[in-house]
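S.K.: Handing you this structure, nothing more for now.
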Amino acid sequence: MSRSLVRVVLGAGICIAFACVASAVEQETASRPLPSAGQSRILAALDQPTEFDFQERSLGDVVDYFKQKHEIQIVLANKGEVDAAVNSSINLTFKNIRLRSALRLVLRQVDLSYVVGDGYLLITSTTEAENKLGVKVYPVHDLVTYDSEFRPAPPPRDEVDRFPTNNPFAMKPQSTPETGDFPSLIDMITSIVGPLTWDEVGGPGSITDNAHSQAIAVSQTDDIHEEIVVLLAALRRVRDQQIAAAKATTRSETPEKKPLKVRAYRLLRGPKPMQKSGWRPPVGVAGDVRQPQAAQARAEKQAGSEPSGAAGAAKESAPAKDTASAAGADDKGAPADAADSKLESWAETIAELVPEMIERESWQPSGEGMIRAIGAGVVVRNTEEVHCRVAKLMAELLPDCVPMDYTGPWGPWRAALQPGNGAVRLAPATTDNWPQRAEPRPSGAEAHIEEALLQKGDLEFTEVPLIDVLRRIADERQVQFYIDQRGFAKVDRGTDIPVTCSLKGLSYKTALTLLLDELDLVYSIRDDVLFITGKTEAADMLSTKVYPVFDLVIGPPAAPAGPDFASLIDNMTTNIAPTSWDEVGGPGAIKEFRNSGALVILQTAAIHEEIAEYLKALRETRTAQGAGR
């Protein structure tokens, strides 16, 4: 094969490989399984804005109103609890909130729930909704991989034995580079999302991994599936934001001159074809270990009727021909083995193409990097980061001729953010471009309520019923509120309880917190409204947030160990609501998720606020002391 043809084949392989990778990434990073056409119509309707004024209206009338207004099919289950609630009176008035939120608030008053079906919405009891399970498959390859920005790849199996004490990221026994770290993802999901609903603790839900499809299959209720969708999307968003922030900081800082290293990569003919990628070099170019005698025997077998004399003459002429070829090869200085000659062609082609594909500005003449083909090998002088990319590319494109000389406990897949690598420096802790929020900034009704409560005002009341106080605040700040009768009943409070207070110059957020605290009540922003309930009920109303914390768990660049999530978790559970965590019997839970450089926390709204303030204080303290610069 000529060098030009080799180059064409290799170039085609590169295009195919990158096309496959791009397609796979689009599928693997999908945030949720795709719904059916009927489910899509219902889900779209649930996100539509709605408004209503229900005064002494029955549940049946409310359902008919929503059916006509949003043109969707809503079915009432023929169950005892539903039948009993059909004639219940609904007294609610809201404007410009999502249909999803409106249904939740209405059905909460009669202890019912809804389930999304294929083209319809089913109103049923909470118990029935919890028993209606659906199976969905979630693509999670990017979340279970060991080759992530926040953890180095696990060493090859032989390297685990060779470097048992120098491997701070040793794999769990049940995890392998081939299958991915499914146990960590599954443990995090079952600990955070509906922790009492999984089969391991006697619940109806189940979750399993499928290594061949790089996915997890989940059997759960609609509510749990919705939480899983939101959680996986948050993990990906927090991961991408932290990587982008780190790279942006690297570009904005004065670039550091990285040391150049020289390494040799030898192409060897493997003992057998290795199915490591979707494209392999053609047989005979690399990895062809068939012996000449076997090839001749097959040729003779195929000839069949060929006279033995001709075959004997061919056999007799073979040594002379081999001798002549060897002599000619010696004269030209080339190896006698034709396969080795073809490997040399591959090496030369790689030396020509690599500078065109990887960090073009780093190679001569504009840069200091050099690459040369020497025999059946390639010698490279460049930075550690470029070496990693060259080795990975060669291993993908030539799976039968793996670069044997690039060895070490981490292999060629060293992560860009690995401590001590220096490929990407983390941003200072409190810079604006480093993500510090657990979720996207609020929008719509939620954003309006948050902004309204941050404004300052005066609250002065003397023996005024609580409901009138809340109405005045709602009118002044143009927000909508919801009285949770279930939560009020648990703390034995009524909406007509008299309130006396004098709070001046405080934000409405602080003043409302102080006012409600005296009555064993709390507020939160949920379902597009200011949700007022009792402390007892609020303790059971937990939400999940993903906190980007890689800048708080990573050590100095030269630190030998990896991210120290354990210390941060111990500090938080010790200092913030210590009796509320599952380790001591509380409802809250906290889990690290290394592949996103994040903490995933299940807690109440009030404790989430404490956590956010705590992390903010840690970052400010680091910055004040000059850490991370």
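Order determines the names: the first chain of the structure tokens is A, the second B, and so forth; residues in each chain are numbered 1 upward, and ligands are numbered 1 upward as they are shown.
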Which residues are near Ala605 (chain A)? Cut-off 9 Å, only C-alpha atoms, ignore same chain within fewer than 2 positions. Put them as a list in words.

M.R.: Tyr523, Ser524, Ile525, Ala538, Met541, Leu542, Ser543, Gln603, Ile607, His608, Glu609 and Glu610 of chain A

S.K.: From a DSSP pass on the backbone, collect the residues of region 479-569 of chain A flagged as alpha helix (DSSP H) and hand them back as JSON, numbers by chain.

M.R.: {"A": [485, 486, 487, 488, 489, 490, 508, 509, 510, 511, 512, 513, 514, 515, 516, 517, 535, 536, 537, 538, 539, 550, 551, 552, 553, 565, 566, 567, 568, 569]}

S.K.: Report, in Å to a single decimal, how far apart CA of Pro563 (chain A) and CA of Ala617 (chain A) are.

M.R.: 19.5 Å

S.K.: Could you tell me which of A:Phe565, A:Phe54, A:Tyr120, A:Tyr138 comes closest to Ile216 (chain A) if we count only C-alpha atoms?

M.R.: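 Between A:Phe565, A:Phe54, A:Tyr120, A:Tyr138, the residue approaching Ile216 (chain A) most closely is A:Tyr138.
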
S.K.: For Lys67 (chain A), find every residue with an atom within 12 Å (counting only C-alpha atoms), except residues of its own chain fewer than 2 positions away, and show them as a PDB file with C-alpha atoms, in the first residue's frame.

M.R.:
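Below is the file out34.pdb, written as the result:
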```pdb
ATOM      1  CA  ILE A  42     -49.766  16.137  28.257  1.00  0.00           C
ATOM      2  CA  ALA A  45     -49.907  21.217  28.512  1.00  0.00           C
ATOM      3  CA  LEU A  46     -48.670  20.935  32.106  1.00  0.00           C
ATOM      4  CA  THR A  50     -53.168  29.115  33.526  1.00  0.00           C
ATOM      5  CA  GLY A  60     -65.543  17.697  39.251  1.00  0.00           C
ATOM      6  CA  ASP A  61     -66.187  21.269  38.079  1.00  0.00           C
ATOM      7  CA  VAL A  62     -62.500  22.126  38.470  1.00  0.00           C
ATOM      8  CA  VAL A  63     -61.477  19.146  36.341  1.00  0.00           C
ATOM      9  CA  ASP A  64     -63.989  20.100  33.618  1.00  0.00           C
ATOM     10  CA  TYR A  65     -62.623  23.661  33.621  1.00  0.00           C
ATOM     11  CA  LYS A  69     -59.243  25.461  28.908  1.00  0.00           C
ATOM     12  CA  HIS A  70     -56.159  23.370  28.036  1.00  0.00           C
ATOM     13  CA  GLU A  71     -57.842  20.888  25.649  1.00  0.00           C
ATOM     14  CA  ILE A  72     -56.497  17.754  27.282  1.00  0.00           C
ATOM     15  CA  GLN A  73     -58.122  14.562  28.485  1.00  0.00           C
ATOM     16  CA  ILE A  74     -58.369  14.344  32.295  1.00  0.00           C
ATOM     17  CA  VAL A  75     -59.782  11.155  33.811  1.00  0.00           C
ATOM     18  CA  LEU A  76     -61.015  10.646  37.375  1.00  0.00           C
ATOM     19  CA  LEU A  99     -50.984  24.081  34.983  1.00  0.00           C
ATOM     20  CA  LEU A 103     -53.087  20.850  39.714  1.00  0.00           C
ATOM     21  CA  TYR A 120     -54.431  11.565  29.187  1.00  0.00           C
ATOM     22  CA  LEU A 121     -54.007  12.756  32.793  1.00  0.00           C
ATOM     23  CA  LEU A 122     -55.296  10.424  35.509  1.00  0.00           C
TER      24      LEU A 122
END
```

S.K.: With only C-alpha atoms as the atoms that count, which of A:Val137, A:Ile123, A:Ile554, A:Ala624 lies nearest to Asp209 (chain A)?

M.R.: A:Val137

S.K.: As a PyMOL selection string, please: the residues near Gln485 (chain A) (cut-off 9 Å, only C-alpha atoms, same-chain neighbours under 2 positions excluded).

M.R.: chain A and resi 109+483+487-490+494-495+533-534

S.K.: Can you check which residues of region 499-579 of chain A DSSP gives as strand (DSSP E) on the backbone and send them as an NGL selection string?

M.R.: :A and (499-507 or 521-526 or 529-534 or 543-548)

S.K.: Would you mind exporting the chosen residues as a compact mmCIF listing (two decimals), in the first residue's frame, restricted to N, CA, C and O atoms?

M.R.:
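Writing done, so here's out-v9.txt:
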```txt
# COMPACT_ATOMS: atom_id res chain seq x y z
N VAL A 499 -51.96 38.41 65.06
CA VAL A 499 -50.52 38.67 64.94
C VAL A 499 -50.24 40.08 65.41
O VAL A 499 -50.92 41.03 65.02
N THR A 500 -49.22 40.22 66.27
CA THR A 500 -48.73 41.52 66.71
C THR A 500 -47.23 41.58 66.47
O THR A 500 -46.48 40.73 66.96
N CYS A 501 -46.77 42.56 65.70
CA CYS A 501 -45.34 42.68 65.41
C CYS A 501 -45.00 44.10 65.01
O CYS A 501 -45.88 44.87 64.59
N SER A 502 -43.73 44.46 65.16
CA SER A 502 -43.22 45.75 64.71
C SER A 502 -41.83 45.52 64.15
O SER A 502 -40.84 45.46 64.88
N LEU A 503 -41.76 45.36 62.84
CA LEU A 503 -40.51 45.07 62.15
C LEU A 503 -40.28 46.14 61.10
O LEU A 503 -41.05 46.24 60.13
N LYS A 504 -39.22 46.94 61.30
CA LYS A 504 -38.95 48.06 60.40
C LYS A 504 -37.55 47.94 59.80
O LYS A 504 -36.61 47.51 60.46
N GLY A 505 -37.44 48.34 58.53
CA GLY A 505 -36.15 48.40 57.86
C GLY A 505 -35.56 47.06 57.50
O GLY A 505 -34.38 46.97 57.14
N LEU A 506 -36.35 46.01 57.59
CA LEU A 506 -35.87 44.67 57.24
C LEU A 506 -36.41 44.27 55.87
O LEU A 506 -37.44 44.79 55.41
N SER A 507 -35.73 43.35 55.23
CA SER A 507 -36.27 42.80 53.99
C SER A 507 -37.52 41.99 54.32
O SER A 507 -37.68 41.47 55.42
N LEU A 521 -44.54 28.32 62.02
CA LEU A 521 -44.82 28.24 60.59
C LEU A 521 -43.57 28.62 59.81
O LEU A 521 -42.67 29.28 60.32
N VAL A 522 -43.52 28.21 58.56
CA VAL A 522 -42.40 28.55 57.67
C VAL A 522 -42.97 28.80 56.28
O VAL A 522 -44.12 28.44 55.98
N TYR A 523 -42.15 29.40 55.43
CA TYR A 523 -42.56 29.59 54.04
C TYR A 523 -41.47 29.03 53.13
O TYR A 523 -40.30 28.89 53.51
N SER A 524 -41.87 28.71 51.92
CA SER A 524 -40.93 28.32 50.87
C SER A 524 -41.53 28.75 49.55
O SER A 524 -42.73 29.06 49.45
N ILE A 525 -40.70 28.81 48.52
CA ILE A 525 -41.18 29.17 47.18
C ILE A 525 -41.27 27.87 46.38
O ILE A 525 -40.26 27.26 46.06
N ARG A 526 -42.47 27.46 46.10
CA ARG A 526 -42.68 26.21 45.35
C ARG A 526 -43.99 26.31 44.59
O ARG A 526 -44.92 27.02 44.98
N VAL A 529 -45.68 29.78 43.80
CA VAL A 529 -46.34 30.62 44.80
C VAL A 529 -45.51 30.64 46.08
O VAL A 529 -44.56 29.86 46.26
N LEU A 530 -45.90 31.55 46.99
CA LEU A 530 -45.32 31.60 48.33
C LEU A 530 -46.09 30.59 49.18
O LEU A 530 -47.25 30.80 49.53
N PHE A 531 -45.45 29.50 49.48
CA PHE A 531 -46.11 28.35 50.11
C PHE A 531 -45.93 28.45 51.63
O PHE A 531 -44.82 28.37 52.14
N ILE A 532 -47.05 28.64 52.37
CA ILE A 532 -47.01 28.79 53.83
C ILE A 532 -47.50 27.50 54.47
O ILE A 532 -48.62 27.04 54.19
N THR A 533 -46.69 26.90 55.35
CA THR A 533 -47.07 25.65 55.99
C THR A 533 -46.47 25.59 57.39
O THR A 533 -45.72 26.50 57.80
N GLY A 534 -46.77 24.53 58.13
CA GLY A 534 -46.23 24.35 59.48
C GLY A 534 -44.85 23.75 59.45
O GLY A 534 -44.46 23.09 58.49
N SER A 543 -36.18 18.71 49.30
CA SER A 543 -35.83 18.95 47.90
C SER A 543 -34.36 18.62 47.69
O SER A 543 -33.56 18.64 48.63
N THR A 544 -34.01 18.34 46.44
CA THR A 544 -32.64 17.94 46.09
C THR A 544 -31.95 19.07 45.36
O THR A 544 -32.53 19.68 44.44
N LYS A 545 -30.71 19.34 45.74
CA LYS A 545 -29.90 20.33 45.04
C LYS A 545 -28.49 19.77 44.82
O LYS A 545 -27.98 19.00 45.63
N VAL A 546 -27.89 20.19 43.72
CA VAL A 546 -26.54 19.77 43.37
C VAL A 546 -25.62 20.98 43.55
O VAL A 546 -25.81 22.00 42.90
N TYR A 547 -24.62 20.84 44.40
CA TYR A 547 -23.72 21.95 44.72
C TYR A 547 -22.35 21.73 44.08
O TYR A 547 -21.69 20.73 44.36
N PRO A 548 -21.89 22.64 43.22
CA PRO A 548 -20.53 22.55 42.67
C PRO A 548 -19.51 22.88 43.76
O PRO A 548 -19.50 23.99 44.28
```

S.K.: Could you check which of A:Gly117, A:Pro465, A:Gly586, A:Gly597 is closest to Val549 (chain A), using only C-alpha atoms?

M.R.: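 Residue with the minimum atom-to-atom distance to Val549 (chain A): A:Gly597.
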